[in-house]
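Shown next, in structure tokens, is the structure this report addresses.
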4 protein chains.
Amino acid sequence: MNTIGNIFKVTIFGESHGIALGTCVDGCPAGIPLSENDFTEDLMRRKSGAKGTTPRKEDDIPQIVSGVFNGKTTGAPITILFHNNNTKSKDYSQLFDHPRPGHADFVARIKYNGYNDFTGGGHFSGRITLGLVAAGVIAKKIISPINITAKILEVGGNSNIEEAINHAIETHDSIGGIVECCVSNVPVGLGEPFFGSIESEISRIVFSIPAIKAIEFGAGFNVAKMTGSQNNDNIISADGKTETNNAGGINGGISNGNDIIFRVAIKPTPSISIAQNTYNLKTNKIEPLIIQGRHDLCIALRVPPILESAVAIALADLSLINKK
Amino acid sequence: MNTIGNIFKVTIFGESHGIALGTCVDGCPAGIPLSENDFTEDLMRRKSGAKGTTPRKEDDIPQIVSGVFNGKTTGAPITILFHNNNTKSKDYSQLFDHPRPGHADFVARIKYNGYNDFTGGGHFSGRITLGLVAAGVIAKKIISPINITAKILEVGGNSNIEEAINHAIETHDSIGGIVECCVSNVPVGLGEPFFGSIESEISRIVFSIPAIKAIEFGAGFNVAKMTGSQNNDNIISADGKTETNNAGGINGGISNGNDIIFRVAIKPTPSISIAQNTYNLKTNKIEPLIIQGRHDLCIALRVPPILESAVAIALADLSLINKK
Amino acid sequence: MNTIGNIFKVTIFGESHGIALGTCVDGCPAGIPLSENDFTEDLMRRKSGAKGTTPRKEDDIPQIVSGVFNGKTTGAPITILFHNNNTKSKDYSQLFDHPRPGHADFVARIKYNGYNDFTGGGHFSGRITLGLVAAGVIAKKIISPINITAKILEVGGNSNIEEAINHAIETHDSIGGIVECCVSNVPVGLGEPFFGSIESEISRIVFSIPAIKAIEFGAGFNVAKMTGSQNNDNIISADGKTETNNAGGINGGISNGNDIIFRVAIKPTPSISIAQNTYNLKTNKIEPLIIQGRHDLCIALRVPPILESAVAIALADLSLINKK
Amino acid sequence: MNTIGNIFKVTIFGESHGIALGTCVDGCPAGIPLSENDFTEDLMRRKSGAKGTTPRKEDDIPQIVSGVFNGKTTGAPITILFHNNNTKSKDYSQLFDHPRPGHADFVARIKYNGYNDFTGGGHFSGRITLGLVAAGVIAKKIISPINITAKILEVGGNSNIEEAINHAIETHDSIGGIVECCVSNVPVGLGEPFFGSIESEISRIVFSIPAIKAIEFGAGFNVAKMTGSQNNDNIISADGKTETNNAGGINGGISNGNDIIFRVAIKPTPSISIAQNTYNLKTNKIEPLIIQGRHDLCIALRVPPILESAVAIALADLSLINKK
């Protein structure tokens with residue numbers, strides 16, 4: 001299930017330490033200008049390097065392999081490759097037998113009978129989201145003038161982000177965070193009952209991003225404490241604008257013309273340098289695990305462009321379906 | 001998009017005030033005992049009648065139309081019908097022009113160019129979940145011995161549920177709530193990277209249930225405030241059991257053998273008897289709307305069996321895929 | 001896999017001798033006039049009664065259960081039911097152990113571990129095509145002004161159809177036939193590379209019609225004997241009209257604006273009253289089988305409206321995809 | 001629609017004169033030995049070079065980019081690339097305005113508003129089948145011990161193949177052919193009613209192979225001339241073996257345990273060096289077209305390994321579904 005979408009179909013492939021990873025984007029309309037440069041901005045935003053992100057440096061240079069001709073999309077599938085060149089696979093060899101808490105090491109070993117590529121997290125690595133971001137760049141062009149902006153609300157429970165990062169660095173621990181996404185210029189009518197509600201389509205792809213554990217639309221969990229008269233958004237114009245936006249721009253699973261708003265919770269990076277007492281499948285004992293390797297200290301910092309891409313992909317598909 | 005699933009495919013159809021509504025369940029293995037009686041318990045749990053639920057009474061008697069022979073499933077699609085008999089369509093005629101805040105009235109009118117069946121909410125009615133519950137009964141049999149239990153944690157911000165309902169009745173307002181779902185006896189390995197994570201598949205179908213606005217797995221939004229050393233669940237046995245369960249039974253999108261835990265927020269019923277100032281598309285003015293008709297005061301009360309069904313359907317599909 | 005289509009999705013359900021059978025059509029645009037009367041013509045054409053068809057008489061009255069409001073489609077799924085009322089299940093009980101040659105009796109028993117509904121052929125009965133014809137009526141409205149006409153070219157190797165039928169009646173044997181389908185007013189551009197060529201989409205659904213064993217487009221098998229200079233259709237106008245139509249209106253899997261032409265071969269009804277020496281799974285011996293029950297002598301006679309419906313469904317989906 | 005399959009999903013991408021083309025194979029079980037060498041045999045069989053095939057020479061060296069670790073499949077998507085290196089794009093520039101008869105030039109231009117990559121046929125080139133053959137190599141491993149063998153029955157209407165080729169070379173024309181495919185060691189029970197019959201699944205993917213215009217299973221078009229008593233295959237053993245095999249190993253769309261047999265017709269290569277009078281969209285006149293470039297004279301010669309791959313892909317998906 002590495003493909004998503006009905007009309008706009010995105011396939012993701014690759015591993016953290018493999019030859020290359022990328023995406024194949026099918027169902028993109030013909031005639032959209034597209035070049036490698038178009039990917040630079042979002043890829044740079046996703047990239048590590050800032051304080052709190054992994055010291056692993058990759059060029060992340062996209063190569064368009066198919067589907068573009070004379071600088072425009074052709075209607076044929078667009079394949080984009082990213083070649084890995086900075087891999088240190090020896091870092092990970094012990095983790096096959098002594099799986100990291102909070103990681104997919106254990107479940108992948110069982111599910112794939114031990115045949116999974118465990119180096120660098122393999123296909124479970126956050127690095128896979130490179131393909132998602134690349135596909136998102138294309139999706140954003142399709143849904144224009146719909147505009148998507150994600151921003152960090154807090155990390156480690158603190159809206160002063162630099163302070164929280166510094167504290168985490170000092171304590172050698174990782175921290176989580178909350179990212180909010182706002183989608184503006186949305187037409188009325190995106191979303192397909194019964195199973196293709198906007199919340200369904202967005203949450204589905206958003207939960208494919210590693211480390212996300214919660215999502216709430218509009219007033220979110222707060223609706224549980226509200227009354228109908230508090231929560232209902234009165235309509236104040238013929239085009240559906242509402243006085244408040246507790247619904248997060250969605251009624252009955254369909255966009256109502258107001259901004260689509262949602263927030264996600266990102267867990268702290270499970271790879272930490274503090275010793276953890278966890279089961280060793282080789283020795284059959286609970287033993288302290290010290291994780292080597294290079295990791296983000298706060299993945300949330302890198303989530304905004306990935307989240308935007310995920311939403312763009314979902315909305316591109318819903319937009320193309322709605323044109324039927 | 002009224003069909004969901006890859007191997008176990010569920011189609012939902014019908015309207016609140018139409019002749020009948022129901023479900024068509026395809027991909028169910030042959031040889032599973034199934035009779036109309038099997039649906040009684042979950043349908044009764046979903047039914048209205050308790051304090052805080054709609055006074056509309058329907059028999060909700062399922063009719064198995066196909067796919068069962070000599071009391072067992074045949075491998076052919078199973079169609080289950082529920083005939084509507086207690087419909088009062090005149091209640092709703094005004095709402096086409098004066099759409100209710102918080103409802104799908106406005107978006108449905110725009111999306112379907114005014115051709116949508118607006119009586120009783122039409123295809124957007126919570127009554128459509130009858131088909132979901134029926135499909136869920138079949139799904140639960142497929143995934144046995146996996147066990148799913150949903151329960152109300154709070155309504156109106158109050159864990160004393162009767163008190164909260166009484167207060168809402170007195171104030172003529174509706175209230176929201178939180179429901180928690182626990183899935184036990186889950187084998188390791190359900191969930192399909194990259195886009196078929198358990199969180200993806202569960203959230204996708206859960207957000208097709210009307211009125212749900214948020215979902216969180218395991219520690220949920222709290223992970224954003226936790227450190228890696230707090231949030232990580234140390235593995236303590238060879239079968240993957242963990243000391244804590246902040247992950248909600250899921251790592252890398254795959255079940256890890258611990259209970260899958262998640263919570264959803266249900267908004268207060270948007271239909272309330274208090275006047276609301278909202279746009280009238282006929283008069284082109286903001287005017288007070290008084291909603292007639294029969295409605296739940298707290299939909300959350302009826303959500304547990306629906307939520308269980310949704311999860312069962314998602315897990316049935318993932319289970320059948322995993323057997324490949 | 002009882003659902004087909006990407007945007008326009010058709011689900012088929014029911015058994016020959018069950019309570020009811022029918023179809024659920026999802027993804028139909030809103031606002032299309034639709035009533036039970038619209039189905040009459042194609043259902044009558046499909047019906048038995050003519051010389052050479054089964055003596056089983058069914059009313060075949062469609063009941064629209066959902067998706068239509070005030071005489072127009074709503075955009076919600078359209079479910080259409082046909083109630084069975086003329087079933088004689090005792091006719092078929094022996095065939096479970098002594099499977100009929102040329103029928104699905106044996107494979108269904110193995111595939112479904114003996115749980116299949118074998119009465120009247122169950123879900124394998126040609127009666128299931130009622131749902132297909134109903135869905136086709138809707139599809140034809142969507143693709144208008146595209147026009148589809150199927151006609152019998154020959155039965156029993158003879159283009160004098162009445163003569164062939166009479167001969168078959170005299171010899172107590174069944175006969176096959178060839179049906180040709182012509183689709184006119186087709187716009188240029190339907191069909192989706194690589195796997196959604198028009199030939200792919202048409203052949204896929206056509207081969208779901210029981211008893212069809214071959215299909216050829218345009219010059220069909222004759223192309224194998226032709227040279228390029230004979231087979232190529234020279235383009236003679238700016239809108240793509242060609243001098244000849246050996247391609248059957250399709251190049252590179254995409255409609256070229258000329259008529260789409262194809263022919264299918266229908267095998268003789270496998271149920272014949274002549275004794276057949278075939279394996280009895282109960283006695284473990286090859287024994288003569290005399291088939292009771294009511295059967296068509298030449299199914300080909302009933303295929304034209306079914307074939308048209310199948311093609312209409314395929315083209316409705318491709319048309320809606322092409323509008324993206 | 002460049003992805004096919006439900007559990008075993010194959011995506012095809014690339015253009016004739018692009019950087020690279022290939023396939024992404026998702027849903028392949030983990031633990032299957034796979035290396036670049038495994039592709040050699042089928043790629044060599046597909047390759048040009050024999051008399052009657054194109055003088056364009058490509059290395060066709062596969063590069064496994066993802067999904068394989070320590071020589072075995074991992075369960076993650078397997079991406080295989082083929083780099084193009086022998087492209088002569090200038091050969092094709094005139095054909096955009098003066099589209100070749102029998103080719104996709106005209107329809108692609110209309111469908112994609114002129115943005116299609118027309119060099120070498122772009123995404124419509126037979127070269128795209130490289131990806132199909134690569135995916136087929138993997139599929140064949142999954143379905144083992146099912147065995148698939150395709151062979152040429154005739155070219156240019158002549159079963160003496162060399163003679164027919166020589167005659168075509170002399171006359172500077174191209175010729176078509178017939179290829180037969182036999183699938184042995186098939187278990188009973190593959191194929192999924194109603195829309196996933198074996199004939200449906202095979203024909204669907206087979207018609208995605210460029211130049212195929214007809215398919216017939218078992219006795220094929222001859223069934224139209226047969227009686228039921230001639231055509232029915234009497235069952236002669238408990239495992240379903242039949243005396244004859246007019247059904248081509250399929251009843252009710254499901255494999256019956258006998259060899260699956262079918263034949264396809266391949267049209268003569270539309271690119272011929274003889275002048276053709278066809279419409280020029282630039283001059284708006286019918287003008288003689290002389291095609292330059294390098295082409296196969298008889299594509300049928302190269303079809304057998306491609307056909308085997310297509311069938312293997314369809315059967316791999318049906319096999320994995322049947323294990324549910």
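Quick note on naming: the chains in the structure tokens go A, B, ... in the order shown, residues restart at 1 in each chain, and ligands are numbered from 1 in order of appearance.
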
### Residues of chain A within 7 Å of chain C, counting only C-alpha atoms, as a ChimeraX atom specification
/A:6,320-321,323-324

### Message
I'd like the neighbourhood of stretch 210-220 of chain A as number ranges by chain, where a residue qualifies if any of its atoms comes within 6 Å (using only C-alpha atoms), though same-chain residues fewer than 6 positions away should be ignored.
### Response
A: 246-248, 261-267; B: 213-217, 220-221

### Task
Fewer than 2 positions away in the same chain doesn't count, so skip those; otherwise give me all residues within 9 Å of A:Phe207, counting only C-alpha atoms, as a VMD selection string.
(chain A and resid 202 to 205 209 to 215) or (chain B and resid 195 to 201 203 253)

Those selected residues, please, written with C-alpha atoms and delivered as a PDB file, in the first residue's frame.
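To be explicit, this is the file written out as part19.pdb:
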```pdb
ATOM      1  CA  ILE A 202      -6.305  14.275   5.140  1.00  0.00           C
ATOM      2  CA  SER A 203      -5.960  12.121   8.258  1.00  0.00           C
ATOM      3  CA  ARG A 204      -5.248   9.042   6.209  1.00  0.00           C
ATOM      4  CA  ILE A 205      -2.231  10.519   4.477  1.00  0.00           C
ATOM      5  CA  ILE A 209       3.993  10.512   8.119  1.00  0.00           C
ATOM      6  CA  PRO A 210       6.158   8.818  10.745  1.00  0.00           C
ATOM      7  CA  ALA A 211       5.767  10.027  14.355  1.00  0.00           C
ATOM      8  CA  ILE A 212       2.345  11.658  14.065  1.00  0.00           C
ATOM      9  CA  LYS A 213      -0.011  10.327  16.739  1.00  0.00           C
ATOM     10  CA  ALA A 214      -2.993  12.693  16.801  1.00  0.00           C
ATOM     11  CA  ILE A 215      -4.971  15.053  14.606  1.00  0.00           C
TER      12      ILE A 215
ATOM     13  CA  PHE B 195      -0.048   4.743   3.222  1.00  0.00           C
ATOM     14  CA  GLY B 196      -1.833   1.886   4.989  1.00  0.00           C
ATOM     15  CA  SER B 197      -0.639   2.454   8.538  1.00  0.00           C
ATOM     16  CA  ILE B 198      -3.096   1.352  11.190  1.00  0.00           C
ATOM     17  CA  GLU B 199      -3.556   4.962  12.202  1.00  0.00           C
ATOM     18  CA  SER B 200      -4.240   5.859   8.558  1.00  0.00           C
ATOM     19  CA  GLU B 201      -6.784   3.117   8.053  1.00  0.00           C
ATOM     20  CA  SER B 203      -8.668   7.441  11.147  1.00  0.00           C
ATOM     21  CA  GLY B 253       2.021   2.192  11.513  1.00  0.00           C
TER      22      GLY B 253
END
```

### Task
For B:Ile169, work out the shell of residues within 12 Å, counting only C-alpha atoms and skipping chain neighbours fewer than 2 positions away, then give it as a ChimeraX atom specification.
/A:227 /B:51-53,156,162-167,171-175,272-274,296-298

### Query
Taking the backbone alone, and naming residues the way the document does, which bits of stretch 20-222 of chain C are strand (DSSP E or B) by DSSP, as an MDAnalysis selection string?
chainID C and resid 20:26 33 62:66 68:69 72:73 78:83 147:155 158 175 177:184 192 196 212:217

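Atom CA of D:Ile290 is positioned 20.2 Å from atom CA of D:Phe124.
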
#### Entry: Neighbour list for B:Arg56 as a PyMOL selection string, cut-off 10 Å, only C-alpha atoms, skip fewer than 4 positions in-chain
chain B and resi 47-49+86-88+293-296

### Task
Compile the contact shell of B:Lys9 as a PyMOL selection string: residues with an atom at most 6 Å away, counting only C-alpha atoms, same-chain residues fewer than 2 positions apart removed.
chain B and resi 4-5+7+25-26

Would you mind exporting the chosen residues as a short mmCIF file (atom, residue, chain, number, x, y, z; two decimals), in the first residue's frame, restricted to N, CA and C atoms?
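The resulting file, result.cif, is shown below:
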```
data_model
loop_
_atom_site.label_atom_id
_atom_site.label_comp_id
_atom_site.auth_asym_id
_atom_site.auth_seq_id
_atom_site.Cartn_x
_atom_site.Cartn_y
_atom_site.Cartn_z
N ILE B 4 -15.27 1.31 0.72
CA ILE B 4 -13.95 1.36 1.36
C ILE B 4 -13.40 -0.05 1.47
N GLY B 5 -12.06 -0.16 1.41
CA GLY B 5 -11.44 -1.46 1.61
C GLY B 5 -10.76 -1.99 0.36
N ILE B 7 -9.52 -5.65 0.22
CA ILE B 7 -9.98 -7.03 0.08
C ILE B 7 -11.38 -7.14 0.67
N VAL B 25 -21.42 -5.83 1.55
CA VAL B 25 -20.11 -6.23 2.06
C VAL B 25 -19.52 -7.27 1.13
N ASP B 26 -18.42 -6.91 0.50
CA ASP B 26 -17.80 -7.81 -0.47
C ASP B 26 -16.44 -8.28 0.07
#
```

### alpha helix (DSSP H) call set, DSSP backbone run, stretch 3-173 of chain D, as a PyMOL selection string
chain D and resi 40-46+105-111+129-143+161-171

Dump N, CA and C atoms for the selected residues as a compact mmCIF listing (two decimals), in the first residue's frame?
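The resulting file, out.txt, is shown below:
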```txt
# COMPACT_ATOMS: atom_id res chain seq x y z
N THR D 40 17.81 -11.22 -16.59
CA THR D 40 18.54 -11.35 -17.85
C THR D 40 17.80 -12.15 -18.91
N GLU D 41 17.33 -13.32 -18.53
CA GLU D 41 16.74 -14.21 -19.53
C GLU D 41 15.53 -13.59 -20.23
N ASP D 42 14.57 -13.10 -19.44
CA ASP D 42 13.37 -12.54 -20.07
C ASP D 42 13.67 -11.24 -20.82
N LEU D 43 14.62 -10.46 -20.30
CA LEU D 43 14.98 -9.22 -21.00
C LEU D 43 15.66 -9.54 -22.33
N MET D 44 16.48 -10.57 -22.34
CA MET D 44 17.14 -10.99 -23.58
C MET D 44 16.10 -11.47 -24.60
N ARG D 45 15.12 -12.23 -24.12
CA ARG D 45 14.07 -12.73 -25.03
C ARG D 45 13.27 -11.58 -25.62
N ARG D 46 13.07 -10.51 -24.81
CA ARG D 46 12.31 -9.36 -25.28
C ARG D 46 13.10 -8.50 -26.25
N ASP D 105 0.03 8.93 -32.11
CA ASP D 105 0.46 10.33 -32.28
C ASP D 105 -0.71 11.31 -32.20
N PHE D 106 -1.76 11.02 -32.99
CA PHE D 106 -2.88 11.95 -33.06
C PHE D 106 -3.65 12.02 -31.75
N VAL D 107 -4.01 10.87 -31.20
CA VAL D 107 -4.83 10.87 -29.97
C VAL D 107 -4.07 11.46 -28.79
N ALA D 108 -2.78 11.19 -28.71
CA ALA D 108 -1.98 11.72 -27.59
C ALA D 108 -1.93 13.24 -27.67
N ARG D 109 -1.77 13.76 -28.87
CA ARG D 109 -1.72 15.20 -29.05
C ARG D 109 -3.01 15.87 -28.58
N ILE D 110 -4.15 15.25 -28.92
CA ILE D 110 -5.44 15.82 -28.52
C ILE D 110 -5.65 15.64 -27.01
N LYS D 111 -5.44 14.42 -26.53
CA LYS D 111 -5.74 14.12 -25.12
C LYS D 111 -4.90 14.97 -24.18
N THR D 129 7.31 -1.50 -22.25
CA THR D 129 7.09 -2.87 -21.79
C THR D 129 8.30 -3.46 -21.08
N LEU D 130 9.43 -2.77 -21.13
CA LEU D 130 10.59 -3.19 -20.33
C LEU D 130 10.20 -3.31 -18.86
N GLY D 131 9.49 -2.32 -18.36
CA GLY D 131 9.06 -2.34 -16.97
C GLY D 131 8.11 -3.49 -16.69
N LEU D 132 7.27 -3.77 -17.68
CA LEU D 132 6.32 -4.87 -17.52
C LEU D 132 7.06 -6.20 -17.43
N VAL D 133 8.07 -6.35 -18.27
CA VAL D 133 8.84 -7.61 -18.23
C VAL D 133 9.58 -7.74 -16.89
N ALA D 134 10.11 -6.64 -16.41
CA ALA D 134 10.81 -6.69 -15.12
C ALA D 134 9.85 -7.08 -14.00
N ALA D 135 8.68 -6.46 -13.98
CA ALA D 135 7.69 -6.81 -12.96
C ALA D 135 7.25 -8.26 -13.10
N GLY D 136 7.19 -8.71 -14.35
CA GLY D 136 6.78 -10.09 -14.61
C GLY D 136 7.76 -11.11 -14.05
N VAL D 137 9.03 -10.77 -14.08
CA VAL D 137 10.04 -11.68 -13.52
C VAL D 137 9.77 -11.91 -12.03
N ILE D 138 9.40 -10.85 -11.33
CA ILE D 138 9.07 -10.97 -9.91
C ILE D 138 7.78 -11.76 -9.74
N ALA D 139 6.81 -11.44 -10.56
CA ALA D 139 5.51 -12.12 -10.47
C ALA D 139 5.66 -13.63 -10.69
N LYS D 140 6.49 -13.99 -11.65
CA LYS D 140 6.68 -15.42 -11.92
C LYS D 140 7.21 -16.15 -10.69
N LYS D 141 8.06 -15.47 -9.94
CA LYS D 141 8.59 -16.10 -8.72
C LYS D 141 7.48 -16.30 -7.69
N ILE D 142 6.58 -15.34 -7.62
CA ILE D 142 5.50 -15.42 -6.63
C ILE D 142 4.56 -16.57 -6.95
N ILE D 143 4.25 -16.77 -8.22
CA ILE D 143 3.23 -17.76 -8.57
C ILE D 143 3.80 -19.15 -8.78
N ILE D 161 7.80 -19.01 -39.95
CA ILE D 161 8.06 -17.63 -39.53
C ILE D 161 9.18 -16.97 -40.32
N GLU D 162 10.26 -17.69 -40.54
CA GLU D 162 11.39 -17.08 -41.23
C GLU D 162 11.01 -16.65 -42.65
N GLU D 163 10.27 -17.50 -43.30
CA GLU D 163 9.80 -17.19 -44.65
C GLU D 163 8.97 -15.92 -44.69
N ALA D 164 8.06 -15.79 -43.72
CA ALA D 164 7.19 -14.63 -43.67
C ALA D 164 7.99 -13.35 -43.42
N ILE D 165 8.98 -13.45 -42.54
CA ILE D 165 9.81 -12.28 -42.25
C ILE D 165 10.59 -11.86 -43.50
N ASN D 166 11.17 -12.82 -44.15
CA ASN D 166 11.95 -12.49 -45.36
C ASN D 166 11.07 -11.82 -46.42
N HIS D 167 9.87 -12.32 -46.55
CA HIS D 167 8.96 -11.73 -47.53
C HIS D 167 8.63 -10.28 -47.16
N ALA D 168 8.43 -10.04 -45.87
CA ALA D 168 8.11 -8.68 -45.41
C ALA D 168 9.29 -7.75 -45.65
N ILE D 169 10.50 -8.24 -45.40
CA ILE D 169 11.69 -7.42 -45.64
C ILE D 169 11.78 -7.02 -47.11
N GLU D 170 11.50 -7.99 -47.94
CA GLU D 170 11.56 -7.71 -49.39
C GLU D 170 10.54 -6.67 -49.83
N THR D 171 9.32 -6.76 -49.22
CA THR D 171 8.25 -5.85 -49.65
C THR D 171 8.26 -4.55 -48.86
```

### Task
Just the residues within 6 Å of stretch 254-258 of chain A, please, counting only C-alpha atoms, with nothing from its chain fewer than 5 positions along; format it as a PyMOL selection string.
(chain A and resi 186-191+241+249) or (chain B and resi 107)

Take the residues that were just selected and, keeping N, CA and C atoms, output them as a compact mmCIF listing (two decimals), in the first residue's frame.
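Produced file result-v6.txt, reproduced below:
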```txt
# COMPACT_ATOMS: atom_id res chain seq x y z
N VAL A 186 -9.99 27.75 -0.28
CA VAL A 186 -10.58 26.46 -0.61
C VAL A 186 -11.99 26.67 -1.17
N PRO A 187 -12.29 26.09 -2.32
CA PRO A 187 -13.66 26.21 -2.84
C PRO A 187 -14.62 25.37 -2.00
N VAL A 188 -15.89 25.69 -2.04
CA VAL A 188 -16.90 24.84 -1.42
C VAL A 188 -17.04 23.56 -2.24
N GLY A 189 -17.11 22.43 -1.56
CA GLY A 189 -17.49 21.21 -2.27
C GLY A 189 -16.43 20.11 -2.39
N LEU A 190 -15.23 20.32 -1.86
CA LEU A 190 -14.24 19.23 -1.89
C LEU A 190 -14.57 18.22 -0.79
N GLY A 191 -14.36 16.95 -1.09
CA GLY A 191 -14.70 15.89 -0.13
C GLY A 191 -15.82 15.05 -0.70
N LYS A 241 -19.32 31.85 4.07
CA LYS A 241 -18.42 32.31 5.13
C LYS A 241 -19.15 32.22 6.47
N GLY A 249 -13.47 24.51 8.72
CA GLY A 249 -13.70 24.60 7.28
C GLY A 249 -14.37 23.40 6.64
N VAL B 107 -23.17 22.89 2.16
CA VAL B 107 -22.18 22.30 1.25
C VAL B 107 -22.81 21.29 0.30
```

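Reported to one decimal place, the separation of atom CA of A:Pro101 from atom CA of B:Asn232 is 5.5 Å.
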
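Closest approach to C:Asn251 from the set D:Pro99, D:Asp239, D:Asn277, D:Phe69 is made by D:Pro99, with distances taken over only C-alpha atoms.
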
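In this structure, atom CA of C:Phe96 sits 27.8 Å away from atom CA of C:Asp59.
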
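Proximity to B:Ala150 was assessed for B:Gly240, B:Gly228, B:Gly176, B:Pro305 counting only C-alpha atoms; the smallest distance is recorded for B:Pro305.
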
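Counting only C-alpha atoms, the residue from B:Ile148, B:Lys57, B:Cys24, B:Gly114 that sits nearest to C:Thr3 is B:Cys24.
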